[in-house]
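The next block is input14.cif, given as mmCIF, C-alpha atoms.
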```
data_model
loop_
_atom_site.label_atom_id
_atom_site.label_comp_id
_atom_site.auth_asym_id
_atom_site.auth_seq_id
_atom_site.Cartn_x
_atom_site.Cartn_y
_atom_site.Cartn_z
CA MET F 48 -14.07 75.59 -1.21
CA LEU F 49 -12.65 72.27 -2.45
CA GLY F 50 -15.53 71.38 -4.76
CA SER F 51 -15.01 68.37 -6.99
CA GLY F 52 -11.34 69.07 -7.68
CA PRO F 53 -8.72 68.60 -8.79
CA VAL F 54 -7.09 70.66 -6.06
CA ALA F 55 -3.49 71.88 -5.83
CA ALA F 56 -2.10 72.54 -2.34
CA ILE F 57 0.96 74.81 -2.46
CA PHE F 58 2.94 75.24 0.75
CA ILE F 59 4.76 78.58 0.75
CA GLU F 60 7.94 78.46 2.80
CA ASP F 61 9.52 81.77 1.74
CA GLU F 62 8.97 84.62 -0.72
CA VAL F 63 10.71 82.98 -3.69
CA GLU F 64 8.65 82.65 -6.90
CA ILE F 65 5.31 82.58 -5.11
CA GLU F 66 3.27 84.19 -7.88
CA SER F 67 4.84 82.14 -10.70
CA THR F 68 4.16 78.93 -8.77
CA LEU F 69 0.51 79.76 -8.11
CA ARG F 70 -0.11 80.97 -11.67
CA HIS F 71 1.54 77.87 -13.15
CA HIS F 72 -0.82 75.52 -11.31
CA ALA F 73 -3.87 77.65 -11.96
CA ALA F 74 -3.01 77.54 -15.67
CA ARG F 75 -2.85 73.75 -15.61
CA GLY F 76 -6.57 73.71 -14.84
CA PHE F 77 -6.78 72.99 -11.12
CA ARG F 78 -10.21 74.11 -10.01
CA THR F 79 -8.79 75.28 -6.70
CA VAL F 80 -5.24 76.23 -5.79
CA LEU F 81 -4.81 76.42 -2.02
CA ALA F 82 -1.96 78.76 -1.08
CA PHE F 83 -0.85 77.84 2.44
CA ALA F 84 1.25 80.72 3.78
CA PRO F 85 2.38 82.03 7.18
CA ALA F 86 1.14 85.40 8.37
CA ASP F 87 4.39 87.22 7.54
CA ILE F 88 4.18 86.40 3.81
CA ALA F 89 1.75 88.53 1.83
CA LEU F 90 0.17 87.19 -1.35
CA SER F 91 -0.51 89.34 -4.40
CA ASP F 92 -4.01 90.69 -4.91
CA ALA F 93 -3.70 90.02 -8.65
CA LEU F 94 -3.71 86.22 -8.51
CA PRO F 95 -6.25 84.12 -10.47
CA GLU F 96 -9.66 83.64 -8.83
CA THR F 97 -8.99 79.92 -8.38
CA VAL F 98 -6.20 80.71 -5.87
CA GLN F 99 -7.45 80.59 -2.27
CA PRO F 100 -5.12 81.85 0.50
CA VAL F 101 -4.94 79.74 3.66
CA ALA F 102 -3.24 81.14 6.77
CA TYR F 103 -0.95 78.36 7.97
CA ASP F 104 2.39 77.90 9.72
CA THR F 105 4.36 76.24 6.93
CA ARG F 106 7.53 76.23 9.03
CA ALA F 107 6.19 73.96 11.77
CA PRO F 108 7.48 70.36 11.95
CA GLY F 109 5.17 67.92 10.17
CA MET F 110 3.03 70.74 8.81
CA LEU F 111 2.62 69.29 5.30
CA THR F 112 1.39 65.83 6.26
CA GLU F 113 -0.91 67.31 8.90
CA ALA F 114 -2.54 69.63 6.37
CA MET F 115 -2.78 67.06 3.58
CA ASN F 116 -4.27 64.40 5.84
CA ALA F 117 -6.90 66.89 7.00
CA LEU F 118 -7.75 67.61 3.34
CA ILE F 119 -7.93 63.91 2.55
CA ALA F 120 -10.36 63.33 5.38
CA ALA F 121 -12.49 66.31 4.35
CA ALA F 122 -12.75 65.56 0.62
CA PRO F 123 -12.99 61.86 -0.28
CA GLY F 124 -12.98 61.30 -4.03
CA VAL F 125 -11.10 64.51 -4.84
CA TRP F 126 -7.76 64.42 -6.69
CA PHE F 127 -5.01 66.35 -4.90
CA TYR F 128 -1.59 67.63 -5.89
CA TYR F 129 0.80 69.03 -3.32
CA GLY F 130 4.08 70.88 -3.58
CA TYR F 131 6.01 73.93 -2.44
CA ASN F 132 6.64 77.40 -3.84
CA ALA F 133 9.32 77.41 -6.58
CA GLU F 134 8.11 73.94 -7.63
CA TYR F 135 6.18 73.39 -10.86
CA LEU F 136 4.15 70.32 -11.84
CA TYR F 137 4.63 68.99 -15.36
CA TYR F 138 2.87 66.02 -16.93
CA PRO F 139 2.87 64.75 -20.54
CA PHE F 140 1.37 67.27 -22.98
CA CYS F 141 0.44 69.69 -20.18
CA GLU F 142 0.75 72.65 -22.55
CA SER F 143 -2.36 71.52 -24.45
CA ARG F 144 -4.22 69.24 -22.02
CA SER F 145 -5.62 70.14 -18.62
CA ILE F 146 -4.89 68.39 -15.37
CA GLY F 147 -8.52 67.27 -15.30
CA GLU F 148 -8.21 65.56 -18.70
CA MET F 149 -5.07 63.78 -17.62
CA LEU F 150 -6.49 62.58 -14.31
CA THR F 151 -9.70 61.40 -15.98
CA PHE F 152 -7.61 59.19 -18.28
CA HIS F 153 -5.45 57.99 -15.39
CA GLY F 154 -8.55 57.12 -13.36
CA GLU F 155 -10.01 55.18 -16.29
CA GLU F 156 -6.90 53.03 -16.13
CA ARG F 157 -7.92 52.18 -12.55
CA ARG F 158 -5.13 54.24 -11.02
CA ALA F 159 -5.75 56.35 -7.92
CA ALA F 160 -2.29 57.86 -7.57
CA MET F 161 0.58 59.03 -9.76
CA LEU F 162 4.31 58.86 -9.20
CA ALA F 163 6.27 62.05 -9.83
CA TYR F 164 10.00 62.62 -9.99
CA VAL F 165 11.29 65.77 -8.32
CA VAL F 166 13.73 67.21 -10.87
CA ASP F 167 16.11 69.76 -9.40
CA LEU F 168 16.44 73.16 -11.07
CA TYR F 169 19.28 75.60 -10.39
CA ALA F 170 20.64 78.88 -11.68
CA ASP F 171 23.75 78.67 -13.82
CA ASP F 172 25.52 81.66 -12.25
CA LEU F 173 25.47 81.71 -8.45
CA GLU F 174 27.21 85.06 -8.28
CA ALA F 175 24.40 86.65 -10.29
CA HIS F 176 21.78 84.54 -8.50
CA PRO F 177 23.12 83.80 -4.98
CA GLY F 178 19.81 82.18 -3.99
CA ALA F 179 20.27 79.65 -6.83
CA VAL F 180 16.90 80.58 -8.37
CA SER F 181 16.42 82.01 -11.86
CA ARG F 182 13.53 81.12 -14.12
CA GLN F 183 15.28 82.79 -17.06
CA ASP F 184 18.53 80.87 -16.56
CA ALA F 185 17.30 77.60 -15.06
CA PHE F 186 19.27 74.40 -15.64
CA LEU F 187 18.70 70.75 -14.77
CA ASP F 188 20.70 67.52 -14.89
CA SER F 189 20.23 65.55 -18.12
CA ALA F 190 21.87 62.42 -16.67
CA GLY F 191 22.79 60.83 -13.35
CA TYR F 192 19.39 59.42 -12.37
CA TYR F 193 19.01 55.86 -11.10
CA ALA F 194 16.67 53.57 -9.16
CA LEU F 195 17.15 50.91 -6.50
CA ALA F 196 14.78 48.18 -5.39
CA ARG F 197 12.53 49.26 -2.54
CA ARG F 198 12.85 46.65 0.19
CA ASP F 199 10.15 45.31 2.45
CA GLY F 200 11.12 46.16 6.00
CA GLU F 201 9.99 42.78 7.37
CA ASP F 202 11.72 40.26 5.09
CA ASP F 203 13.93 42.53 2.93
CA HIS F 204 12.29 41.34 -0.29
CA PRO F 205 11.90 43.85 -3.15
CA LYS F 206 8.45 45.40 -3.21
CA GLU F 207 6.42 44.80 -6.34
CA ARG F 208 6.45 47.74 -8.80
CA GLN F 209 8.10 50.06 -6.30
CA LEU F 210 11.54 51.63 -6.63
CA ASP F 211 13.51 54.29 -4.81
CA PHE F 212 14.70 56.94 -7.28
CA PHE F 213 17.78 59.13 -6.91
CA GLY F 214 19.60 61.82 -8.88
CA GLY F 215 19.97 65.54 -9.31
CA LEU F 216 21.53 67.79 -6.69
CA ARG F 217 20.65 65.43 -3.86
CA TRP F 218 22.84 62.79 -5.53
CA ARG F 219 25.70 65.05 -6.63
CA PHE F 220 25.92 66.77 -3.23
CA GLU F 221 24.72 63.89 -1.09
CA GLU F 222 27.28 64.62 1.64
CA HIS F 223 25.16 67.70 2.47
CA VAL F 224 21.79 65.90 2.34
CA PRO F 225 20.48 63.63 5.12
CA GLU F 226 20.11 60.05 3.91
CA ASP F 227 16.35 59.99 4.45
CA ARG F 228 15.92 63.02 2.15
CA ARG F 229 17.88 61.83 -0.89
CA ARG F 230 15.05 60.14 -2.79
CA ILE F 231 13.47 62.11 -5.64
CA ASP F 232 10.25 60.11 -6.00
CA ARG F 233 7.03 61.60 -4.63
CA ILE F 234 3.41 60.46 -4.87
CA ALA F 235 2.43 64.00 -5.76
CA LEU F 236 -1.01 63.27 -7.23
CA PHE F 237 -3.61 61.05 -5.60
CA ARG F 238 -7.34 60.62 -5.11
CA ALA F 239 -8.49 61.00 -1.51
CA ARG F 240 -10.54 58.29 0.19
CA ALA F 241 -11.49 57.29 3.70
CA GLY F 242 -8.56 55.94 5.68
CA LEU F 243 -5.89 57.18 3.28
CA ARG F 244 -2.94 59.01 4.81
CA LEU F 245 0.09 60.77 3.42
CA LEU F 246 3.29 59.68 5.16
CA PRO F 247 6.28 61.93 5.99
CA ASP F 248 8.41 60.28 3.27
CA HIS F 249 6.03 61.38 0.45
CA ARG F 250 4.40 57.97 0.16
CA LEU F 251 0.90 56.82 1.09
CA ASN F 252 -0.29 54.19 3.54
CA ASP F 253 -1.75 52.16 0.65
CA GLU F 254 1.09 50.18 -0.98
CA GLU F 255 -0.61 49.92 -4.38
CA MET F 256 -0.81 53.70 -4.56
CA ASN F 257 2.99 53.83 -4.18
CA THR F 258 3.63 51.81 -7.34
CA TYR F 259 4.93 53.35 -10.56
CA ALA F 260 2.64 51.30 -12.83
CA CYS F 261 -0.19 48.80 -12.81
CA PRO F 262 0.61 45.09 -13.38
CA TRP F 263 -0.42 45.01 -17.04
CA HIS F 264 1.27 48.04 -18.67
CA HIS F 265 3.13 51.30 -18.10
CA ASN F 266 1.20 54.24 -16.68
CA LEU F 267 1.59 57.98 -16.80
CA THR F 268 4.12 59.58 -14.50
CA ALA F 269 4.76 63.27 -13.84
CA ALA F 270 7.65 65.54 -12.92
CA VAL F 271 7.91 68.29 -10.32
CA VAL F 272 10.66 70.66 -11.42
CA SER F 273 11.93 72.26 -8.26
CA PHE F 274 14.35 74.94 -7.07
CA ARG F 275 13.84 73.78 -3.50
CA THR F 276 17.00 71.69 -3.08
CA ALA F 277 19.19 74.33 -4.73
CA LYS F 278 17.73 76.97 -2.42
CA ALA F 279 18.42 74.84 0.65
CA LEU F 280 21.99 73.98 -0.35
CA LYS F 281 22.84 77.66 -0.84
CA ARG F 282 21.07 78.82 2.33
CA ASN F 283 22.67 76.23 4.59
CA PRO F 284 26.01 77.56 5.91
CA GLY F 285 27.31 73.99 6.04
CA SER F 286 26.99 73.56 2.28
CA SER F 287 26.81 77.02 0.73
CA PHE F 288 30.55 77.77 0.77
CA ASP F 289 31.39 74.30 -0.57
CA ILE F 290 29.33 74.85 -3.74
CA PRO F 291 30.61 77.63 -6.02
CA SER F 292 28.47 76.30 -8.89
CA PHE F 293 25.86 73.64 -9.57
CA MET F 294 26.90 73.37 -13.23
CA TRP F 295 28.60 70.22 -14.58
CA ARG F 296 29.02 68.43 -17.91
CA ASN F 297 25.44 67.11 -17.86
CA SER F 298 23.74 70.43 -17.12
CA VAL F 299 21.24 71.55 -19.76
CA ARG F 300 19.06 74.63 -19.93
CA PHE F 301 15.47 73.90 -18.90
CA GLU F 302 13.07 74.77 -21.70
CA TRP F 303 10.00 74.87 -19.45
CA SER F 304 8.32 72.21 -21.60
CA SER F 305 6.90 68.75 -21.01
CA GLY F 306 8.49 67.62 -24.27
CA GLN F 307 11.99 68.13 -22.91
CA LEU F 308 11.19 66.14 -19.76
CA LEU F 309 9.74 63.33 -21.89
CA ASP F 310 12.81 63.31 -24.14
CA LEU F 311 15.08 63.06 -21.08
CA GLY F 312 13.03 60.15 -19.69
CA LEU F 313 12.00 62.11 -16.62
CA MET F 314 8.33 61.25 -17.04
CA GLU F 315 6.33 58.58 -18.85
CA PRO F 316 3.30 59.07 -21.15
CA GLY F 317 2.08 55.49 -20.70
CA GLN F 318 -0.83 54.83 -23.04
CA TRP F 319 -1.79 58.51 -23.28
CA PHE F 320 -0.98 60.05 -26.65
#
```

Starting from the coordinates I provided, produce the structure as structure tokens.
Amino acid sequence: MLGSGPVAAIFIEDEVEIESTLRHHAARGFRTVLAFAPADIALSDALPETVQPVAYDTRAPGMLTEAMNALIAAAPGVWFYYGYNAEYLYYPFCESRSIGEMLTFHGEERRAAMLAYVVDLYADDLEAHPGAVSRQDAFLDSAGYYALARRDGEDDHPKERQLDFFGGLRWRFEEHVPEDRRRIDRIALFRARAGLRLLPDHRLNDEEMNTYACPWHHNLTAAVVSFRTAKALKRNPGSSFDIPSFMWRNSVRFEWSSGQLLDLGLMEPGQWF
């Protein structure tokens, strides 16, 4: 079922934008799109042939790392992407170049993983869209992103070529977000190998694979545009009534294009032109 990859693993938590998520990743050129879904969520019969349903309890604690680590062990050498429904992977020039082309170039640069920034999307009108999701009227923050040195837990020294990134809704509404969930960086693309494991904080157990670039030049990075935080903030009774709108002076309409994300500095083309 996995073949030679690349493989996208989509974990479906609810019924929001399932089909658009699966079709988006199939269109990027993933040879297999695994749709992990609980039994009470039905998938459309009209999905692309590359989409493979997998019955799975996506609401269980630790479910994502358990599934991804099983895939890693089963398919060494295969490139994987993972995300959730209502999240969409973008990489430089993805409208005209396939995920396979991009990963081939990245691999030729001796990179086995790629950093992605999770960029929050949200509907502009929460009265019209109380769930905070609207592909037609999706907005994102054009400013307010920053990075801090990632410290070594043993001696508190900054780790080489690793940073903790923050911004978006998790920064603006941080009082409603647990501290350990405020980072927006995710190693969303990586090549499986023996002994590799995905950790609960979206990093890997190989420190070099958690870096944003190699030592000699900048590398490609990607973006995962995501309604997930907006959904959670509006569903949680503790935050929903405190947020009448996600809009602010730095909100801009999302154009659903890699060019906009590049212009905003939310991903890096590296040496790929």

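Under the PyMOL selection byres ((chain F and resi 232) around 6), the matching residues in the shown file are Ala163, Tyr164, Phe212, Arg230, Ile231 and Arg233 of chain F.
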
So that I can see what lies close to Ile146 (chain F), please list as a ChimeraX atom specification the residues with an atom at most 8 Å from it, counting all atoms listed in the file and leaving out residues fewer than 4 positions away in the same chain. /F:53,75-77,141,150

Figure out the distance between CA of Gln209 (chain F) and CA of Ala160 (chain F), please, to one decimal in Å.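 Between CA of Ala160 (chain F) and CA of Gln209 (chain F) the gap works out to 13.1 Å.
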
Residue nearest Arg144 (chain F) - candidates F:Glu174, F:Ser51, F:Ala74, F:Pro284, atoms counted: only C-alpha atoms: F:Ala74

Kindly compute an axis-aligned box around the listed atoms of region 175-192 of chain F, allowing 6 Å on each side, and express its centre and edge lengths in Å to one decimal as lines of an AutoDock Vina configuration file.
```
center_x = 19.0
center_y = 73.0
center_z = -11.1
size_x = 22.9
size_y = 39.2
size_z = 26.1
```

Residues near Ala120 (chain F), cut-off 8 Å, only C-alpha atoms, skip fewer than 5 positions along chain, as a CSV table (one decimal) with C-alpha atoms, in the frame of the given file:
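Written output follows (selection-v3.csv):
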```csv
chain,number,residue,atom,x,y,z
F,239,ALA,CA,-8.5,61.0,-1.5
F,240,ARG,CA,-10.5,58.3,0.2
F,241,ALA,CA,-11.5,57.3,3.7
F,242,GLY,CA,-8.6,55.9,5.7
F,243,LEU,CA,-5.9,57.2,3.3
```

Shortest interatomic distance to Arg296 (chain F) - which of F:Leu280, F:Leu187, F:Ala260, F:Leu69, counting all atoms listed in the file: F:Leu187
